[in-house]
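Asker: My questions all concern the structure below.
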Amino acid sequence: MVALERATLYGIVIYNNKRVNFGNVDPAAAREIFIREALVPTPDNGGWETRLPFLSHNRKLIAQVQELEHKARRQDVLVDDELIHAFYEQLLPADVCSGASLERWFRAESKRQPTLLQLTRDELMRHEAAGITTAAYPKTLRLGGIDCSVDYLHEPGDAKDGVTATVPIYALNQVNDERCEWLVPGMLQAKVQALCKTLHQRPRSRLVPLPEFAAEFCATAAFGDGALIDALLKAVRDRTQLAVQRNDFKLDQLAPHLFMNFRVVDEHGRQLGAGRDLAGLKAQFGNQARSAFQALAALKLPGAVVAQPAPARSAAPESPKSSDVQAHVVRRVEAAPARVGSTAAAPARYTAWTFGELPELMELTRGGQTLIGFPALVDQGSHVEIEVFDEPDVAATRHRAGLRRLLALQLREPLKYLEKNIADLQRLASFYMPLGTLEELRTQIIDVAMDRAFLAEPLPQDEASFKRRLEEGRARLNLVAQEVARQALAVLTEFAAATRKLKDSRAPREVQDDINAQLQRLVPKRFLLATPWPALQHFPRYLKGVVLRLDKLRADPDRDAVRLAELRPVEQRWQRRQAELKGASHARMDEYRWLLEELRISLFAQELRTPQPVSVKRLDKAWAQIQA
């Protein structure tokens, strides 16, 4: 212990700031200060720097217990500084009041007591920390097919408060939103309880005591299986026997730490972005993530990929290209990490199926971990290339377009003839003018015709099946194209009539907004490609229903207002759920969408009939099945 001494004589300073041993001046006070400032670490000081083994052992143990505090979001796990001070106070002799005296005493005494001055975990922890285990608060989470490191922080108001997962950029697009809703097992009960608190009073009162309900849910629910809200919704309905809806849970009322925080890093571990909005991070870094993933997949060397048939792994996502065909997995061993952005060889170009069997799934290894990739043919205009995508939906869309291009390259002359001989193309173009050009419409007609003539599921996966599909569809391509053109004409004719009628009707604002939204959903610019063929057959009837509704509106506007009020709740819940899905495909939601169009016919144009009985009650039942 060093002190600064000042001496005066009759008020005159003789010397000032002279360094002296404070232990010689006041041994008791020096000992007290030394223990508190050198041996008991606090947030304000890093402690005394020494090589004495007991001190590094104790500091490491204290850091571990402090980490448990962050995980459990409690401040009562680590014993307070006074107890640590008392530990040293009891064991140190009275003459130890400085670093030098401690080292002398410790060197002699530690020969007899090897664990001298070493704290234990039990001495540092209170009894309340018993449930803070690695299982409840894991150090890594399986996100995007790889183990991502996890950090915990209990600092309300801090941007990193809660649990933060570090996600490599190449795995970002594969991180599952639904898995992240569950956080970690140790934090789930707090989130469930907070969600239940946001419910209306009636269902909430049937769940009390909320801590017990939340604990029961955590004990019985399959952790990480599906969406947390869906699982909790079912449990709440079973307990309350009330028709609780998804939007009854007010997510905006939850504390930030109850949503997972993400830290996106590049190949060198440098942070690219962070936040709790996973969809926003994917939107911001999605293209960069795909490029990183494709660099990892060594996409520029497709000839090096050798496909070997193997059963699909149960852990791998199902490929969207064919659920009926056995998956083929490419197993690659990565000799060295791929450098994102590094210069690579030009990708191989194909104008015919000369690349062997195309695997449905591909395994990519990085640092001992395995990622699942989805190979696809990519349309490049004059040729196709093989790329591996990190998202199955993106791969499926690109692959279908790539297959269509590969077929077109084998059908140059038939397609040239078809382009010049589409029936009523000029008339079609005049109706399509508000949406796009003649060339865009013709391209859509031919693409849909090729899909219907050649690309029925399951899609071809090797050269032999591709050639069979080519020969089977060649003969019917022209007939299919004329059928598509006729259907497009029927839809666009009724669309023009509905648009003109809406413009001339001078309908109330709310009716105009409702019909405009319906027309935009039904007939966007790429409506032919975007709409399943069976649903497209009903479009003329849906559009005639708009005209009939506007005819009736003038005679009885009150009736229209009543029917619109019936329609809105069942339609708005579909719109909200669609927004939550963020563009992800959902077969049951697609079915519900067409039920909504049939409901419009039933409400506003009953004379057009519906293929099956439809009503608000029937849609309520359909929605309950979707939610279940």
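Lettering and numbering for the structure tokens are positional, with chains as A, B, ... in the shown order, residues counted from 1 in each chain, and ligands counted from 1 in the shown order.
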DSSP on the backbone, then: every residue of segment 163-264 of chain A marked helix (DSSP H, G or I), written as a VMD selection string.
Answerer: chain A and resid 169 to 174 177 to 181 185 to 197 201 to 205 210 to 220 228 to 240 246 to 248 251 to 253 256 to 258
Asker: Write the residues of the preceding selection, restricted to C-alpha atoms, as an mmCIF file, in the first residue's frame.
Answerer:
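What landed in again18.cif:
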```
data_model
loop_
_atom_site.group_PDB
_atom_site.id
_atom_site.type_symbol
_atom_site.label_atom_id
_atom_site.label_comp_id
_atom_site.auth_asym_id
_atom_site.auth_seq_id
_atom_site.Cartn_x
_atom_site.Cartn_y
_atom_site.Cartn_z
ATOM 1 C CA ILE A 169 -23.929 -14.158 -42.728
ATOM 2 C CA TYR A 170 -23.985 -17.344 -44.817
ATOM 3 C CA ALA A 171 -26.599 -18.913 -42.484
ATOM 4 C CA LEU A 172 -28.854 -15.866 -42.090
ATOM 5 C CA ASN A 173 -31.508 -16.786 -44.654
ATOM 6 C CA GLN A 174 -31.928 -20.236 -43.135
ATOM 7 C CA ASP A 177 -38.389 -17.230 -37.379
ATOM 8 C CA GLU A 178 -40.630 -19.642 -35.497
ATOM 9 C CA ARG A 179 -37.740 -21.317 -33.665
ATOM 10 C CA CYS A 180 -36.485 -17.945 -32.466
ATOM 11 C CA GLU A 181 -39.854 -17.100 -30.882
ATOM 12 C CA PRO A 185 -35.918 -22.891 -22.196
ATOM 13 C CA GLY A 186 -34.966 -20.800 -19.192
ATOM 14 C CA MET A 187 -36.646 -17.675 -20.606
ATOM 15 C CA LEU A 188 -39.760 -19.308 -22.041
ATOM 16 C CA GLN A 189 -41.910 -19.196 -18.906
ATOM 17 C CA ALA A 190 -41.384 -15.463 -18.497
ATOM 18 C CA LYS A 191 -42.361 -14.875 -22.129
ATOM 19 C CA VAL A 192 -45.462 -17.089 -21.911
ATOM 20 C CA GLN A 193 -46.566 -15.341 -18.740
ATOM 21 C CA ALA A 194 -46.035 -11.919 -20.336
ATOM 22 C CA LEU A 195 -48.020 -12.966 -23.425
ATOM 23 C CA CYS A 196 -50.911 -14.197 -21.290
ATOM 24 C CA LYS A 197 -50.952 -10.889 -19.401
ATOM 25 C CA GLN A 201 -59.668 -9.825 -18.965
ATOM 26 C CA ARG A 202 -62.109 -12.684 -19.640
ATOM 27 C CA PRO A 203 -59.657 -15.295 -20.964
ATOM 28 C CA ARG A 204 -56.905 -14.041 -18.674
ATOM 29 C CA SER A 205 -59.073 -14.583 -15.598
ATOM 30 C CA LEU A 210 -50.611 -17.165 -14.599
ATOM 31 C CA PRO A 211 -47.232 -18.413 -13.289
ATOM 32 C CA GLU A 212 -48.678 -21.890 -12.797
ATOM 33 C CA PHE A 213 -50.275 -21.931 -16.262
ATOM 34 C CA ALA A 214 -47.026 -20.726 -17.860
ATOM 35 C CA ALA A 215 -45.014 -23.378 -15.994
ATOM 36 C CA GLU A 216 -47.463 -26.089 -17.069
ATOM 37 C CA PHE A 217 -47.281 -24.957 -20.687
ATOM 38 C CA CYS A 218 -43.473 -25.003 -20.645
ATOM 39 C CA ALA A 219 -43.489 -28.489 -19.149
ATOM 40 C CA THR A 220 -45.890 -29.965 -21.731
ATOM 41 C CA LEU A 228 -44.898 -20.306 -30.141
ATOM 42 C CA ILE A 229 -48.052 -18.226 -30.594
ATOM 43 C CA ASP A 230 -49.849 -21.143 -32.297
ATOM 44 C CA ALA A 231 -48.884 -23.570 -29.533
ATOM 45 C CA LEU A 232 -49.861 -21.103 -26.810
ATOM 46 C CA LEU A 233 -53.105 -20.255 -28.603
ATOM 47 C CA LYS A 234 -54.150 -23.912 -28.558
ATOM 48 C CA ALA A 235 -53.262 -24.269 -24.876
ATOM 49 C CA VAL A 236 -55.220 -21.118 -23.949
ATOM 50 C CA ARG A 237 -58.254 -22.258 -25.920
ATOM 51 C CA ASP A 238 -58.168 -25.688 -24.301
ATOM 52 C CA ARG A 239 -57.982 -24.153 -20.834
ATOM 53 C CA THR A 240 -60.490 -21.302 -21.270
ATOM 54 C CA ARG A 246 -53.787 -14.725 -32.541
ATOM 55 C CA ASN A 247 -54.148 -10.952 -32.517
ATOM 56 C CA ASP A 248 -55.469 -11.098 -28.931
ATOM 57 C CA LEU A 251 -46.763 -8.545 -28.915
ATOM 58 C CA ASP A 252 -46.085 -4.824 -28.858
ATOM 59 C CA GLN A 253 -46.643 -4.830 -25.080
ATOM 60 C CA PRO A 256 -37.646 -6.087 -25.702
ATOM 61 C CA HIS A 257 -35.665 -8.803 -23.923
ATOM 62 C CA LEU A 258 -38.493 -11.269 -24.632
#
```
Asker: Leaving out Leu92 of chain A and any residue of its chain fewer than 4 positions from it, which residues lie within 10 Å of it when counting only C-alpha atoms, given as a PyMOL selection string?
Answerer: chain A and resi 31+35+87-88+96-97+102+105-106+117
Asker: Identify, with DSSP run on backbone atoms, the residues in segment 88-249 of chain A assigned to strand (DSSP E), and express the list as a compact mmCIF listing (two decimals) with all heavy atoms, in the first residue's frame.
Answerer:
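Result saved to out.txt:
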```txt
# COMPACT_ATOMS: atom_id res chain seq x y z
N THR A 140 -24.99 -22.39 -27.01
CA THR A 140 -25.20 -22.32 -28.47
C THR A 140 -26.64 -22.69 -28.77
O THR A 140 -27.28 -23.44 -28.02
CB THR A 140 -24.26 -23.27 -29.23
OG1 THR A 140 -24.54 -24.63 -28.84
CG2 THR A 140 -22.80 -22.94 -28.98
N LEU A 141 -27.14 -22.16 -29.89
CA LEU A 141 -28.47 -22.50 -30.39
C LEU A 141 -28.35 -22.99 -31.82
O LEU A 141 -27.54 -22.48 -32.60
CB LEU A 141 -29.40 -21.28 -30.35
CG LEU A 141 -29.85 -20.78 -28.99
CD1 LEU A 141 -30.75 -19.57 -29.15
CD2 LEU A 141 -30.58 -21.87 -28.21
N ARG A 142 -29.18 -23.96 -32.17
CA ARG A 142 -29.18 -24.48 -33.54
C ARG A 142 -30.07 -23.59 -34.39
O ARG A 142 -31.30 -23.67 -34.35
CB ARG A 142 -29.72 -25.91 -33.54
CG ARG A 142 -29.51 -26.64 -34.87
CD ARG A 142 -28.06 -27.02 -35.01
NE ARG A 142 -27.82 -27.83 -36.20
CZ ARG A 142 -26.63 -28.20 -36.61
NH1 ARG A 142 -25.57 -27.81 -35.92
NH2 ARG A 142 -26.47 -28.92 -37.68
N LEU A 143 -29.46 -22.69 -35.13
CA LEU A 143 -30.20 -21.76 -35.99
C LEU A 143 -29.60 -21.84 -37.39
O LEU A 143 -28.38 -21.82 -37.55
CB LEU A 143 -30.10 -20.33 -35.47
CG LEU A 143 -30.60 -20.06 -34.05
CD1 LEU A 143 -30.35 -18.61 -33.68
CD2 LEU A 143 -32.08 -20.38 -33.92
N ILE A 146 -26.83 -24.50 -38.24
CA ILE A 146 -25.53 -24.53 -37.55
C ILE A 146 -25.71 -24.08 -36.10
O ILE A 146 -26.74 -23.51 -35.74
CB ILE A 146 -24.49 -23.63 -38.25
CG1 ILE A 146 -24.90 -22.15 -38.12
CG2 ILE A 146 -24.31 -24.01 -39.70
CD1 ILE A 146 -23.81 -21.21 -38.55
N ASP A 147 -24.70 -24.37 -35.29
CA ASP A 147 -24.73 -23.95 -33.88
C ASP A 147 -24.22 -22.52 -33.78
O ASP A 147 -23.05 -22.25 -34.08
CB ASP A 147 -23.86 -24.88 -33.04
CG ASP A 147 -24.43 -26.29 -32.97
OD1 ASP A 147 -25.66 -26.42 -32.98
OD2 ASP A 147 -23.64 -27.26 -32.93
N CYS A 148 -25.09 -21.63 -33.35
CA CYS A 148 -24.73 -20.21 -33.20
C CYS A 148 -24.46 -19.91 -31.73
O CYS A 148 -25.23 -20.33 -30.86
CB CYS A 148 -25.87 -19.32 -33.71
SG CYS A 148 -26.25 -19.55 -35.46
N SER A 149 -23.39 -19.19 -31.45
CA SER A 149 -23.06 -18.84 -30.07
C SER A 149 -24.09 -17.86 -29.51
O SER A 149 -24.67 -17.06 -30.25
CB SER A 149 -21.66 -18.24 -29.99
OG SER A 149 -21.61 -17.02 -30.72
N VAL A 150 -24.29 -17.96 -28.21
CA VAL A 150 -25.33 -17.17 -27.54
C VAL A 150 -24.72 -16.42 -26.37
O VAL A 150 -23.91 -16.97 -25.62
CB VAL A 150 -26.47 -18.09 -27.05
CG1 VAL A 150 -27.48 -17.30 -26.23
CG2 VAL A 150 -27.18 -18.73 -28.23
N ASP A 151 -25.11 -15.16 -26.22
CA ASP A 151 -24.69 -14.35 -25.08
C ASP A 151 -25.93 -13.85 -24.34
O ASP A 151 -26.98 -13.62 -24.94
CB ASP A 151 -23.86 -13.15 -25.55
CG ASP A 151 -22.57 -13.58 -26.23
OD1 ASP A 151 -21.80 -14.32 -25.61
OD2 ASP A 151 -22.36 -13.18 -27.39
N TYR A 152 -25.76 -13.66 -23.02
CA TYR A 152 -26.87 -13.20 -22.19
C TYR A 152 -26.46 -11.91 -21.49
O TYR A 152 -25.32 -11.76 -21.05
CB TYR A 152 -27.23 -14.26 -21.14
CG TYR A 152 -27.64 -15.59 -21.73
CD1 TYR A 152 -26.69 -16.57 -22.01
CD2 TYR A 152 -28.97 -15.87 -22.01
CE1 TYR A 152 -27.06 -17.79 -22.55
CE2 TYR A 152 -29.35 -17.09 -22.55
CZ TYR A 152 -28.39 -18.05 -22.82
OH TYR A 152 -28.76 -19.26 -23.36
N LEU A 153 -27.41 -11.00 -21.38
CA LEU A 153 -27.16 -9.73 -20.70
C LEU A 153 -28.42 -9.29 -19.98
O LEU A 153 -29.51 -9.30 -20.55
CB LEU A 153 -26.74 -8.65 -21.71
CG LEU A 153 -26.47 -7.26 -21.12
CD1 LEU A 153 -25.23 -7.30 -20.22
CD2 LEU A 153 -26.30 -6.22 -22.22
N GLY A 162 -31.08 -9.19 -22.82
CA GLY A 162 -31.73 -10.46 -23.14
C GLY A 162 -30.75 -11.45 -23.72
O GLY A 162 -29.59 -11.53 -23.30
N VAL A 163 -31.20 -12.22 -24.71
CA VAL A 163 -30.36 -13.24 -25.33
C VAL A 163 -30.00 -12.81 -26.75
O VAL A 163 -30.86 -12.38 -27.51
CB VAL A 163 -31.09 -14.61 -25.34
CG1 VAL A 163 -32.45 -14.52 -25.99
CG2 VAL A 163 -30.24 -15.66 -26.05
N THR A 164 -28.73 -12.89 -27.07
CA THR A 164 -28.22 -12.47 -28.39
C THR A 164 -27.56 -13.67 -29.06
O THR A 164 -26.64 -14.27 -28.50
CB THR A 164 -27.21 -11.32 -28.26
OG1 THR A 164 -27.85 -10.19 -27.67
CG2 THR A 164 -26.67 -10.93 -29.64
N ALA A 165 -28.04 -14.00 -30.25
CA ALA A 165 -27.45 -15.08 -31.05
C ALA A 165 -26.56 -14.47 -32.13
O ALA A 165 -26.99 -13.56 -32.84
CB ALA A 165 -28.54 -15.94 -31.68
N THR A 166 -25.35 -14.98 -32.25
CA THR A 166 -24.43 -14.52 -33.29
C THR A 166 -24.57 -15.42 -34.50
O THR A 166 -24.28 -16.62 -34.43
CB THR A 166 -22.98 -14.53 -32.78
OG1 THR A 166 -22.88 -13.64 -31.65
CG2 THR A 166 -22.02 -14.08 -33.87
N VAL A 167 -25.06 -14.86 -35.62
CA VAL A 167 -25.39 -15.64 -36.81
C VAL A 167 -24.39 -15.29 -37.92
O VAL A 167 -24.32 -14.13 -38.33
CB VAL A 167 -26.83 -15.34 -37.29
CG1 VAL A 167 -27.18 -16.19 -38.50
CG2 VAL A 167 -27.82 -15.59 -36.16
N PRO A 168 -23.65 -16.26 -38.44
CA PRO A 168 -22.79 -15.99 -39.61
C PRO A 168 -23.65 -15.59 -40.80
O PRO A 168 -24.76 -16.11 -40.98
CB PRO A 168 -22.09 -17.33 -39.85
CG PRO A 168 -22.23 -18.09 -38.57
CD PRO A 168 -23.51 -17.64 -37.95
```
Asker: With only C-alpha atoms as the atoms that count, which of A:Asp225, A:Ser465, A:Leu119, A:Ala38 lies nearest to Lys60 of chain A?
Answerer: A:Leu119
Asker: Counting only C-alpha atoms, which of A:Leu502, A:Ala376, A:Ala408, A:Leu529 gets nearest to Gln461 of chain A?
Answerer: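 Ranked by minimum distance to Gln461 of chain A, first place goes to A:Ala376.
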Asker: Compare A:Arg468, A:Arg600, A:Pro532, A:Gln444 by their minimum atom-to-atom distance to Gln518 of chain A, counting only C-alpha atoms, and give me the closest one.
Answerer: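 When distances to Gln518 of chain A are compared using only C-alpha atoms, the smallest one comes from A:Arg600.
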Asker: Against segment 604-625 of chain A, which residues of segment 440-551 of chain A fall within 9 Å? For each one I want the closest pair of atoms and the distance in Å (one decimal), counting only C-alpha atoms, rows by chain and increasing residue number, as JSON lines.
Answerer:
```
{"residue": "A:Arg541", "atom": "CA", "partner": "A:Leu608", "partner_atom": "CA", "distance": 7.1}
{"residue": "A:Tyr542", "atom": "CA", "partner": "A:Leu608", "partner_atom": "CA", "distance": 8.9}
{"residue": "A:Lys544", "atom": "CA", "partner": "A:Leu608", "partner_atom": "CA", "distance": 8.3}
{"residue": "A:Gly545", "atom": "CA", "partner": "A:Ala605", "partner_atom": "CA", "distance": 5.3}
{"residue": "A:Val546", "atom": "CA", "partner": "A:Ala605", "partner_atom": "CA", "distance": 7.9}
{"residue": "A:Val547", "atom": "CA", "partner": "A:Ala605", "partner_atom": "CA", "distance": 8.9}
{"residue": "A:Leu548", "atom": "CA", "partner": "A:Ala605", "partner_atom": "CA", "distance": 6.0}
{"residue": "A:Arg549", "atom": "CA", "partner": "A:Phe604", "partner_atom": "CA", "distance": 5.3}
{"residue": "A:Leu550", "atom": "CA", "partner": "A:Phe604", "partner_atom": "CA", "distance": 8.9}
```
Asker: When distances are computed from only C-alpha atoms, which of A:Val570, A:Ala396, A:Val264, A:Leu116 shows the smallest separation from Tyr592 of chain A?
Answerer: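 Result for the nearest residue to Tyr592 of chain A: A:Val570.
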Asker: Show which residues sit within 10 Å of Arg526 of chain A, as JSON, numbers by chain. Count only C-alpha atoms, and ignore same-chain residues fewer than 2 positions away.
Answerer: {"A": [435, 436, 440, 441, 444, 523, 524, 528, 529, 530, 531]}
Asker: Here is a test: counting only C-alpha atoms, which residue of A:Met450, A:Ile515, A:Leu428, A:Ala488 is nearest to Arg400 of chain A?
Answerer: A:Met450
Asker: Calculate how many Å separate atom CA of Thr8 of chain A from atom CA of Ala29 of chain A, rounding to one decimal.
Answerer: 23.1 Å
Asker: Would you mind telling me which residue in A:Leu281, A:Arg270, A:Arg559, A:Leu199 lies nearest to Leu242 of chain A when using only C-alpha atoms?
Answerer: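 Distance minimum relative to Leu242 of chain A lands on A:Leu199.
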Asker: What is the atom CA of Ala579 of chain A to atom CA of Ala279 of chain A distance in Å?
Answerer: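 Between these atoms lies a distance of 11.6 Å.
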